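Enquirer: The following file, final-v9.tsv, comprises TSV, C-alpha atoms and all ligand atoms:
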chain	number	residue	atom	x	y	z
N	1	MET	CA	85.49	25.00	61.44
N	2	SER	CA	86.00	28.77	61.68
N	3	LYS	CA	83.11	31.09	62.52
N	4	PHE	CA	83.16	32.41	58.97
N	5	GLN	CA	82.97	28.95	57.47
N	6	ALA	CA	80.15	28.03	59.85
N	7	TYR	CA	78.32	31.22	58.88
N	8	LEU	CA	78.60	30.49	55.14
N	9	SER	CA	77.74	26.81	55.51
N	10	GLN	CA	74.22	27.59	56.79
N	11	PHE	CA	73.10	28.75	53.32
N	12	THR	CA	71.54	26.41	50.78
N	13	GLU	CA	72.03	26.55	47.02
N	14	SER	CA	68.67	28.24	46.78
N	15	ASP	CA	69.80	30.94	49.29
N	16	TRP	CA	72.86	31.62	47.12
N	17	LEU	CA	70.82	31.84	43.93
N	18	THR	CA	68.41	34.24	45.63
N	19	ALA	CA	71.35	36.39	46.73
N	20	ILE	CA	72.75	36.40	43.18
N	21	ALA	CA	69.35	37.38	41.76
N	22	GLU	CA	69.22	40.27	44.23
N	23	LEU	CA	72.75	41.27	43.33
N	24	LEU	CA	72.24	41.19	39.55
N	25	PRO	CA	71.41	44.91	39.11
N	26	CYS	CA	74.71	45.67	40.87
N	27	ILE	CA	76.74	43.44	38.54
N	28	HIS	CA	78.11	44.96	35.33
N	29	GLU	CA	76.49	43.58	32.19
N	30	VAL	CA	79.79	42.05	31.10
N	31	ASP	CA	79.54	39.53	33.96
N	32	ARG	CA	75.80	39.26	34.51
N	33	ASN	CA	75.36	36.00	32.62
N	34	ALA	CA	78.80	34.76	33.60
N	35	VAL	CA	78.09	34.87	37.33
N	36	GLN	CA	74.77	33.08	36.97
N	37	ILE	CA	76.44	30.47	34.76
N	38	TRP	CA	79.26	29.92	37.27
N	39	PHE	CA	76.77	29.18	40.03
N	40	ARG	CA	75.14	26.57	37.77
N	41	PHE	CA	78.46	25.04	36.77
N	42	TYR	CA	79.38	24.48	40.43
N	43	PRO	CA	76.12	23.54	42.20
N	44	LEU	CA	76.36	23.47	45.98
N	45	SER	CA	73.73	20.74	46.30
N	46	LEU	CA	75.81	18.37	44.15
N	47	GLN	CA	78.98	19.10	46.13
N	48	ARG	CA	77.16	18.46	49.43
N	49	TYR	CA	75.60	15.28	48.09
N	50	ILE	CA	78.98	13.87	47.07
N	51	GLU	CA	80.59	14.94	50.33
N	52	ALA	CA	77.94	13.16	52.40
N	53	VAL	CA	78.11	9.70	50.79
N	54	ASN	CA	80.16	6.81	52.15
N	55	ASP	CA	81.65	5.73	48.86
N	56	PRO	CA	82.33	8.77	46.67
N	57	ASP	CA	83.90	6.74	43.84
N	58	GLU	CA	80.87	4.51	43.55
N	59	THR	CA	78.59	7.58	43.73
N	60	LEU	CA	80.51	9.39	41.01
N	61	ARG	CA	80.17	6.37	38.75
N	62	GLY	CA	76.45	6.28	39.53
N	63	LEU	CA	76.12	9.90	38.52
N	64	ALA	CA	78.10	9.29	35.31
N	65	MET	CA	80.45	12.11	36.21
N	66	GLN	CA	83.07	12.90	33.60
N	67	GLY	CA	85.78	15.57	33.53
N	68	ASP	CA	87.06	17.96	36.19
N	69	PHE	CA	84.11	18.60	38.50
N	70	ASP	CA	85.97	19.16	41.78
N	71	LEU	CA	86.18	22.86	42.56
N	72	LYS	CA	89.13	22.15	44.88
N	73	ASP	CA	91.24	21.51	41.79
N	74	GLN	CA	90.20	24.77	40.10
N	75	ILE	CA	90.13	27.34	42.88
N	76	ASP	CA	92.05	29.93	40.86
N	77	ALA	CA	90.74	28.96	37.42
N	78	SER	CA	87.04	28.02	37.51
N	79	HIS	CA	86.00	31.66	36.98
N	80	HIS	CA	88.27	32.24	33.97
N	81	PHE	CA	85.30	33.49	31.91
N	82	LEU	CA	84.39	36.36	34.21
N	83	TYR	CA	85.71	39.84	33.52
N	84	GLY	CA	86.22	40.04	37.28
N	85	HIS	CA	88.66	37.09	37.09
N	86	ARG	CA	91.47	39.66	36.90
N	87	TYR	CA	90.60	40.85	40.41
N	88	TRP	CA	90.82	37.34	41.86
N	89	PRO	CA	94.15	37.76	43.72
N	90	LYS	CA	92.76	40.69	45.71
N	91	ILE	CA	89.35	39.09	46.25
N	92	LYS	CA	90.98	35.90	47.50
N	93	ARG	CA	93.14	37.78	49.97
N	94	LYS	CA	90.22	39.85	51.20
N	95	ILE	CA	88.13	36.73	51.84
N	96	GLU	CA	91.00	35.13	53.74
N	97	LYS	CA	91.26	38.26	55.88
N	98	GLU	CA	87.51	38.30	56.45
N	99	ALA	CA	87.69	34.67	57.58
N	100	MET	CA	90.16	35.65	60.29
N	101	GLU	CA	88.32	38.75	61.47
N	102	PHE	CA	84.71	37.58	61.21
N	103	LYS	CA	82.80	38.10	64.44
N	104	ASN	CA	79.59	36.43	65.46
N	105	GLY	CA	76.68	37.90	63.62
N	106	GLU	CA	74.23	37.09	60.90
N	107	PRO	CA	74.73	39.51	58.04
N	108	ALA	CA	72.63	38.78	54.95
N	109	LEU	CA	74.57	36.86	52.31
N	110	VAL	CA	74.13	39.61	49.77
N	111	GLU	CA	75.51	42.17	52.22
N	112	ILE	CA	78.70	40.26	52.88
N	113	ILE	CA	79.26	39.82	49.12
N	114	LYS	CA	78.81	43.56	48.56
N	115	ASP	CA	81.03	44.41	51.51
N	116	ILE	CA	83.95	42.30	50.23
N	117	ALA	CA	83.47	43.75	46.72
N	118	MET	CA	83.29	47.31	47.95
N	119	ARG	CA	86.54	47.05	49.91
N	120	VAL	CA	88.38	45.47	46.98
N	121	SER	CA	86.98	47.92	44.43
N	122	SER	CA	87.98	50.95	46.49
N	123	LYS	CA	91.48	49.52	46.98
N	124	LEU	CA	91.83	48.90	43.23
N	125	ASN	CA	89.95	52.05	42.32
N	126	VAL	CA	87.58	50.22	39.97
N	127	ASP	CA	83.80	50.26	39.63
N	128	ARG	CA	82.32	47.94	42.26
N	129	HIS	CA	79.84	46.63	39.65
N	130	LEU	CA	82.84	44.87	38.10
N	131	VAL	CA	83.80	43.22	41.38
N	132	ASN	CA	80.48	42.10	42.91
N	133	GLY	CA	80.31	38.99	40.72
N	134	ILE	CA	83.78	37.68	41.44
N	135	ALA	CA	83.27	38.42	45.15
N	136	ALA	CA	80.20	36.15	45.14
N	137	VAL	CA	82.13	33.46	43.28
N	138	GLY	CA	85.01	33.77	45.76
N	139	LEU	CA	82.77	33.33	48.78
N	140	MET	CA	81.03	30.30	47.29
N	141	THR	CA	84.41	28.81	46.39
N	142	PHE	CA	85.56	29.29	50.01
N	143	ASN	CA	82.30	27.72	51.18
N	144	GLN	CA	82.68	24.65	48.97
N	145	VAL	CA	86.39	23.90	49.20
N	146	GLY	CA	86.96	24.89	52.84
N	147	GLU	CA	89.37	27.38	54.34
N	148	GLU	CA	92.48	25.21	54.22
N	149	ALA	CA	92.28	24.43	50.51
N	150	PHE	CA	91.25	27.98	49.72
N	151	ARG	CA	94.30	29.41	51.44
N	152	ALA	CA	96.58	26.80	49.86
N	153	ALA	CA	95.73	27.94	46.30
N	154	SER	CA	98.28	30.35	44.86
N	155	GLY	CA	95.73	32.99	43.89
N	156	GLU	CA	97.57	33.67	40.65
N	157	VAL	CA	95.72	34.33	37.40
N	158	ALA	CA	96.93	34.81	33.85
N	159	THR	CA	96.83	38.24	32.23
N	160	PRO	CA	93.66	38.67	30.11
N	161	THR	CA	94.08	37.97	26.40
N	162	GLY	CA	92.04	38.47	23.23
N	163	ILE	CA	88.66	40.15	23.66
N	164	MET	CA	89.06	40.08	27.46
N	165	LYS	CA	91.80	42.73	27.16
N	166	LYS	CA	89.16	45.25	26.09
N	167	SER	CA	87.00	47.45	28.28
N	168	PRO	CA	83.85	45.87	29.77
N	169	GLU	CA	81.68	47.98	27.45
N	170	ALA	CA	83.70	46.96	24.38
N	171	ILE	CA	83.39	43.29	25.33
N	172	VAL	CA	79.61	43.58	25.67
N	173	ALA	CA	79.42	45.37	22.29
N	174	GLU	CA	81.63	42.82	20.57
N	175	ARG	CA	79.63	39.88	21.89
N	176	ALA	CA	76.47	41.48	20.49
N	177	LYS	CA	77.90	41.96	16.98
N	178	ASP	CA	77.33	39.55	14.07
N	179	ASP	CA	79.91	38.75	11.40
N	180	SER	CA	79.52	40.85	8.28
N	181	GLN	CA	77.83	39.01	5.39
N	182	GLY	CA	79.68	41.08	2.81
N	183	VAL	CA	78.45	43.76	0.42
N	184	PHE	CA	75.63	41.56	-0.92
N	185	GLY	CA	74.83	40.05	2.45
N	186	PHE	CA	71.32	41.44	2.33
N	187	LEU	CA	70.63	39.05	-0.59
N	188	LYS	CA	71.59	35.98	1.42
N	189	THR	CA	68.81	33.91	2.91
N	190	VAL	CA	69.95	30.47	4.05
N	191	ASP	CA	73.71	30.60	3.66
N	192	LYS	CA	74.64	33.24	6.19
N	193	LYS	CA	77.73	32.40	8.20
N	194	TYR	CA	78.40	33.43	11.77
N	195	SER	CA	80.87	32.62	14.55
N	196	VAL	CA	80.77	30.81	17.85
N	197	ALA	CA	83.42	32.11	20.25
N	198	PHE	CA	84.13	29.58	22.98
N	199	SER	CA	86.28	29.24	26.07
N	200	GLY	CA	86.85	26.36	28.44
N	201	THR	CA	89.36	25.92	31.25
N	202	LYS	CA	91.89	24.57	28.74
N	203	THR	CA	90.64	25.64	25.32
N	204	LYS	CA	89.61	28.83	23.64
N	205	GLY	CA	88.85	29.93	20.09
N	206	LYS	CA	86.18	30.50	17.50
N	207	PHE	CA	84.49	28.33	14.86
N	208	GLN	CA	82.17	29.11	11.99
N	209	ILE	CA	78.49	28.22	12.04
N	210	ILE	CA	75.95	28.31	9.21
N	211	SER	CA	72.72	30.09	10.03
N	212	ASN	CA	70.29	27.75	11.79
N	213	GLU	CA	72.93	25.05	12.37
N	214	GLU	CA	73.26	23.32	15.77
N	215	ILE	CA	76.31	24.42	17.73
N	216	VAL	CA	77.67	20.86	18.05
N	217	SER	CA	77.35	20.25	14.33
N	218	ALA	CA	79.45	23.34	13.63
N	219	SER	CA	81.91	22.41	16.38
N	220	GLN	CA	82.39	18.92	14.91
N	221	LYS	CA	83.76	20.47	11.72
N	222	ASP	CA	86.53	22.28	13.58
N	223	ARG	CA	89.56	20.01	13.13
N	224	SER	CA	92.08	22.80	13.69
N	225	GLN	CA	93.50	21.14	16.81
N	226	ASP	CA	93.63	17.88	18.70
N	227	TRP	CA	90.87	18.95	21.10
N	228	GLN	CA	90.90	15.64	22.91
N	229	ALA	CA	94.46	16.28	24.07
N	230	ALA	CA	93.06	19.08	26.22
N	231	ASP	CA	89.78	17.43	27.22
N	232	GLN	CA	89.08	13.69	26.89
N	233	ARG	CA	85.41	14.42	26.22
N	234	CYS	CA	86.20	16.36	23.04
N	235	TRP	CA	86.56	13.57	20.53
N	236	GLU	CA	85.16	15.64	17.69
N	237	GLY	CA	85.58	19.42	17.91
N	238	PRO	CA	86.05	21.73	20.91
N	239	VAL	CA	82.54	21.20	22.38
N	240	PRO	CA	82.37	17.89	24.30
N	241	ILE	CA	79.76	15.57	22.80
N	242	GLU	CA	78.51	12.04	22.96
N	243	CYS	CA	74.95	11.44	21.72
N	244	THR	CA	74.06	14.67	19.85
N	245	SER	CA	70.41	14.00	20.76
N	246	ALA	CA	69.81	15.49	24.23
N	247	SER	CA	70.37	12.13	25.86
N	248	CYS	CA	73.72	12.27	27.65
N	249	GLY	CA	74.29	15.77	29.07
N	250	THR	CA	77.86	16.03	27.76
N	251	CYS	CA	77.36	19.13	25.61
N	252	TRP	CA	75.96	21.59	28.19
N	253	ILE	CA	77.21	25.13	27.78
N	254	GLY	CA	76.80	28.59	29.27
N	255	VAL	CA	75.88	31.43	26.92
N	256	LEU	CA	77.76	34.66	27.65
N	257	GLY	CA	76.53	36.55	24.59
N	258	GLY	CA	73.92	36.05	21.86
N	259	MET	CA	71.31	34.12	23.90
N	260	ASP	CA	68.58	35.64	21.76
N	261	LYS	CA	70.22	34.38	18.58
N	262	LEU	CA	69.76	30.77	19.64
N	263	SER	CA	66.65	28.72	18.95
N	264	ASP	CA	64.06	28.36	21.71
N	265	VAL	CA	64.49	25.51	24.18
N	266	ASN	CA	62.49	22.59	22.83
N	267	HIS	CA	60.52	20.10	24.89
N	268	ARG	CA	63.24	17.47	24.65
N	269	GLU	CA	65.99	19.78	25.88
N	270	ARG	CA	63.81	21.08	28.71
N	271	ARG	CA	63.10	17.59	30.04
N	272	ALA	CA	66.63	16.34	29.53
N	273	MET	CA	68.17	19.26	31.45
N	274	LYS	CA	66.07	18.26	34.47
N	275	VAL	CA	67.24	14.65	34.25
N	276	PHE	CA	70.86	15.72	34.03
N	277	GLY	CA	70.39	18.05	37.03
N	278	TYR	CA	71.57	21.21	35.27
N	279	ASN	CA	69.68	24.16	36.65
N	280	GLN	CA	68.38	25.67	33.41
N	281	PRO	CA	66.21	28.77	33.93
N	282	ASP	CA	62.69	28.61	32.50
N	283	ASP	CA	63.25	31.32	29.85
N	284	GLU	CA	62.70	30.39	26.21
N	285	ARG	CA	66.34	31.24	25.46
N	286	PRO	CA	68.22	30.89	28.74
N	287	PHE	CA	71.94	31.19	29.44
N	288	LEU	CA	72.31	27.45	30.06
N	289	ARG	CA	71.81	25.20	27.02
N	290	LEU	CA	72.54	21.89	25.38
N	291	ALA	CA	74.76	22.69	22.40
N	292	CYS	CA	73.29	19.79	20.41
N	293	GLN	CA	69.82	21.34	20.63
N	294	SER	CA	70.74	25.00	20.10
N	295	ARG	CA	70.68	26.43	16.58
N	296	ALA	CA	72.33	29.81	16.00
N	297	SER	CA	71.14	32.62	13.78
N	298	GLY	CA	73.95	35.03	14.63
N	299	ASN	CA	77.22	35.22	16.56
N	300	VAL	CA	77.24	33.64	20.00
N	301	THR	CA	79.78	33.47	22.81
N	302	ILE	CA	79.76	30.34	24.91
N	303	VAL	CA	81.64	28.88	27.86
N	304	ILE	CA	82.22	25.15	28.19
N	305	PRO	CA	82.07	23.55	31.65
N	306	PRO	CA	84.94	21.15	32.43
N	307	TRP	CA	82.61	18.30	33.45
N	308	ASN	CA	79.21	16.69	32.92
N	309	GLY	CA	77.01	14.24	34.79
N	310	VAL	CA	73.51	12.95	35.36
N	311	PHE	CA	72.35	13.83	38.87
N	312	GLY	CA	68.85	15.32	38.60
N	313	LYS	CA	67.01	12.44	40.26
N	314	LYS	CA	69.53	11.69	42.99
N	315	VAL	CA	70.50	15.24	43.95
N	316	ARG	CA	67.55	17.39	43.04
N	317	GLY	CA	64.79	14.80	43.14
N	318	ASN	CA	62.84	16.76	40.58
N	319	VAL	CA	62.67	14.16	37.85
N	320	ASP	CA	59.20	12.76	38.09
N	321	GLU	CA	57.48	10.67	35.46
N	322	LEU	CA	59.81	11.74	32.70
N	323	GLU	CA	59.65	9.65	29.59
N	324	LEU	CA	62.94	9.90	27.80
N	325	GLU	CA	63.33	9.10	24.17
N	326	PRO	CA	65.72	6.20	23.52
N	327	ALA	CA	69.31	7.31	24.03
N	328	THR	CA	71.56	7.05	21.02
N	329	THR	CA	74.79	7.57	22.92
N	330	SER	CA	77.47	4.99	22.51
N	331	ALA	CA	78.25	5.23	26.22
N	332	LYS	CA	76.40	2.33	27.77
N	333	HIS	CA	76.94	3.62	31.27
N	334	LEU	CA	75.36	6.96	30.45
N	335	ARG	CA	72.31	5.20	29.03
N	336	GLU	CA	71.91	3.08	32.14
N	337	THR	CA	72.27	6.08	34.44
N	338	ILE	CA	69.75	8.08	32.51
N	339	ALA	CA	67.32	5.16	32.43
N	340	SER	CA	67.58	4.67	36.18
N	341	SER	CA	67.09	8.40	36.76
N	342	ALA	CA	63.96	8.37	34.67
N	343	SER	CA	62.52	5.26	36.32
N	344	GLY	CA	63.24	6.61	39.81
N	345	GLU	CA	65.52	3.74	40.96
S	401	LIG	S1	75.65	15.56	23.00
S	401	LIG	FE1	74.46	14.40	24.40
S	401	LIG	S2	73.09	15.85	25.21
S	401	LIG	FE2	74.10	16.93	23.64
Output the file's structure as structure tokens, nothing else.
Expert:
Amino acid sequence: MSKFQAYLSQFTESDWLTAIAELLPCIHEVDRNAVQIWFRFYPLSLQRYIEAVNDPDETLRGLAMQGDFDLKDQIDASHHFLYGHRYWPKIKRKIEKEAMEFKNGEPALVEIIKDIAMRVSSKLNVDRHLVNGIAAVGLMTFNQVGEEAFRAASGEVATPTGIMKKSPEAIVAERAKDDSQGVFGFLKTVDKKYSVAFSGTKTKGKFQIISNEEIVSASQKDRSQDWQAADQRCWEGPVPIECTSASCGTCWIGVLGGMDKLSDVNHRERRAMKVFGYNQPDDERPFLRLACQSRASGNVTIVIPPWNGVFGKKVRGNVDELELEPATTSAKHLRETIASSASGE
């Protein structure tokens, strides 16, 4: 293990999240939620737990893992929803260089993130606030996948399309806007219609949502494509679902824009997120949600993680005395996993 890898490996998930919290004022608004979401989509504690077990396949079945959860397979793509994604080739190269030149020393995590970002931003002549987030993501990716796999990735990214072609300020403004309700919109009460813009590693688009409707219910009506061809978990609409009742963890999402236009987290969602192991902040309307429990009253922009699982009890050990409502999912294995998590087996 190189000195750089050894240096990074000393930090826990909590150390990383503390560094990100400290870095937030230095991250442009366009990526502020995105960076925090990325660190929840790829939790270090889960990766270390899986790496340490004797029988990973058995463990993955026990955690009801579905989809593409291994960061090694997504080194160049996992951060597709960050504005800073476009700077990835340079960030990747700079981290590789840093790994070769790193001398003994104990710089603070936040300092090394800023240092990498500063050198890339001055080379590219862009605002470093746009680069800090992707620099943090790059270092965590290096930390999780190891130097060899990191170097082996091509480092190529696609040219931004759609809204991501715009300036950071225009993206922020567009995410905040609601669809027009027409000339007589002010007369409408219950039938207002809005949009949910979504992106996943393999899908991207927009579907309509009626005011106060759950995101999954609106997603289920979108039959514009064969969503399952891109993601096995999407058997009805672009948002992966199974139970639609906060019992399986399949429909977790990150909210890039419009957090305040979603309903408050209810008791059921709050408890379920802990069982699943997703690190949902305590806010009433946080950036990590269950789409089947979130009702929208305006436009929202979401990002869909490529995997889901149930690992709260085994990995985080923070699921104590939770009484779950009966699961309605058709997936027997999910039900059993959730039941064993709740009973502490
Ligand atoms: S679909 Fe199962 S938790 Fe939302």
Enquirer: List all protein, DNA and RNA residues that have any atom at most 8 Å from ligand LIG 401 (chain S), counting all atoms listed in the file, and write the list as a ChimeraX atom specification.
Expert: /N:216,240-252,272,290-293,329
Enquirer: State, in Å with one decimal place, the distance from atom CA of Glu156 of chain N to atom CA of Val255 of chain N.
Expert: 25.8 Å
Enquirer: Rounded to one decimal place, report the atom CA of Glu98 of chain N-atom CA of Phe4 of chain N distance in Å.
Expert: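 Atom-to-atom, atom CA of Glu98 of chain N and atom CA of Phe4 of chain N are spaced 7.7 Å apart.
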Enquirer: If we count only C-alpha atoms and set the cut-off at 10 Å, which residues sit around Ser78 of chain N, ignoring sequence neighbours fewer than 2 positions away in its own chain? Please answer as a PyMOL selection string.
Expert: chain N and resi 38+41-42+69-76+80-82+85+137+141+200-201+305-306
Enquirer: Which of these residues is nearest to Glu101 of chain N, using all atoms listed in the file: N:Gln5, N:Glu214, N:Gly317, N:Ala21?
Expert: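 Ranked by minimum distance to Glu101 of chain N, first place goes to N:Gln5.
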Enquirer: Give the answer as one residue: which of N:Pro107, N:Glu284, N:Met100, N:Ile95 has the shortest atom-to-atom distance to Gly138 of chain N, using all atoms listed in the file?
Expert: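 Smallest separation from Gly138 of chain N among the options: N:Ile95.
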Enquirer: Around the point (91.6, 39.4, 46.3), in the coordinates given by the file, pick out the residues reaching within 12 Å, counting all atoms listed in the file, and return them as number ranges by chain.
Expert: N: 76, 84-98, 116-121, 123-124, 131-132, 134-139, 150-151, 154-157
Enquirer: May I have the residues at most 12 Å from (78.6, 51.5, 32.5) in the file's coordinates, counting only C-alpha atoms, as a ChimeraX atom specification?
Expert: /N:25-30,126-130,167-173
Enquirer: Could you give me, as a PyMOL selection string, the residues within 9 Å of segment 174-182 of chain N, counting only C-alpha atoms and dropping anything in the same chain fewer than 6 positions from it?
Expert: chain N and resi 163+188+192-195+197+256-258+298-301
Enquirer: Report, in Å to a single decimal, how far apart atom CA of Gly105 of chain N and atom CA of Lys3 of chain N are.
Expert: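 Rounded to one decimal, the two atoms are 9.4 Å apart.
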Enquirer: Measuring between all atoms listed in the file, which one of N:Met140, N:Val265, N:Ala296, N:Ile253 shows the shortest distance to Ala218 of chain N?
Expert: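 Looking only at the distances to Ala218 of chain N, the closest residue turns out to be N:Ala296.
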Enquirer: Do you know which residues are at most 10 Å from Phe276 of chain N counting all atoms listed in the file, after dropping those on the same chain fewer than 6 positions away, and could you put them as a list of chain:residue names?
Expert: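 Within the cut-off, the hits are N:Leu63, N:Ala64, N:Ala246, N:Ser247, N:Cys248, N:Gly249, N:Thr250, N:Trp252, N:Asn308, N:Gly309, N:Val310, N:Phe311, N:Gly312, N:Lys313, N:Lys314, N:Val315, N:Arg316, N:Val319, N:Thr337, N:Ile338, N:Ser341.
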Enquirer: Go through N:Leu109, N:Val239, N:Ala34, N:Ile304 and flag the residue nearest Arg223 of chain N, using only C-alpha atoms for the distances.
Expert: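 Checking each of N:Leu109, N:Val239, N:Ala34, N:Ile304 against Arg223 of chain N, counting only C-alpha atoms, the winner is N:Val239.
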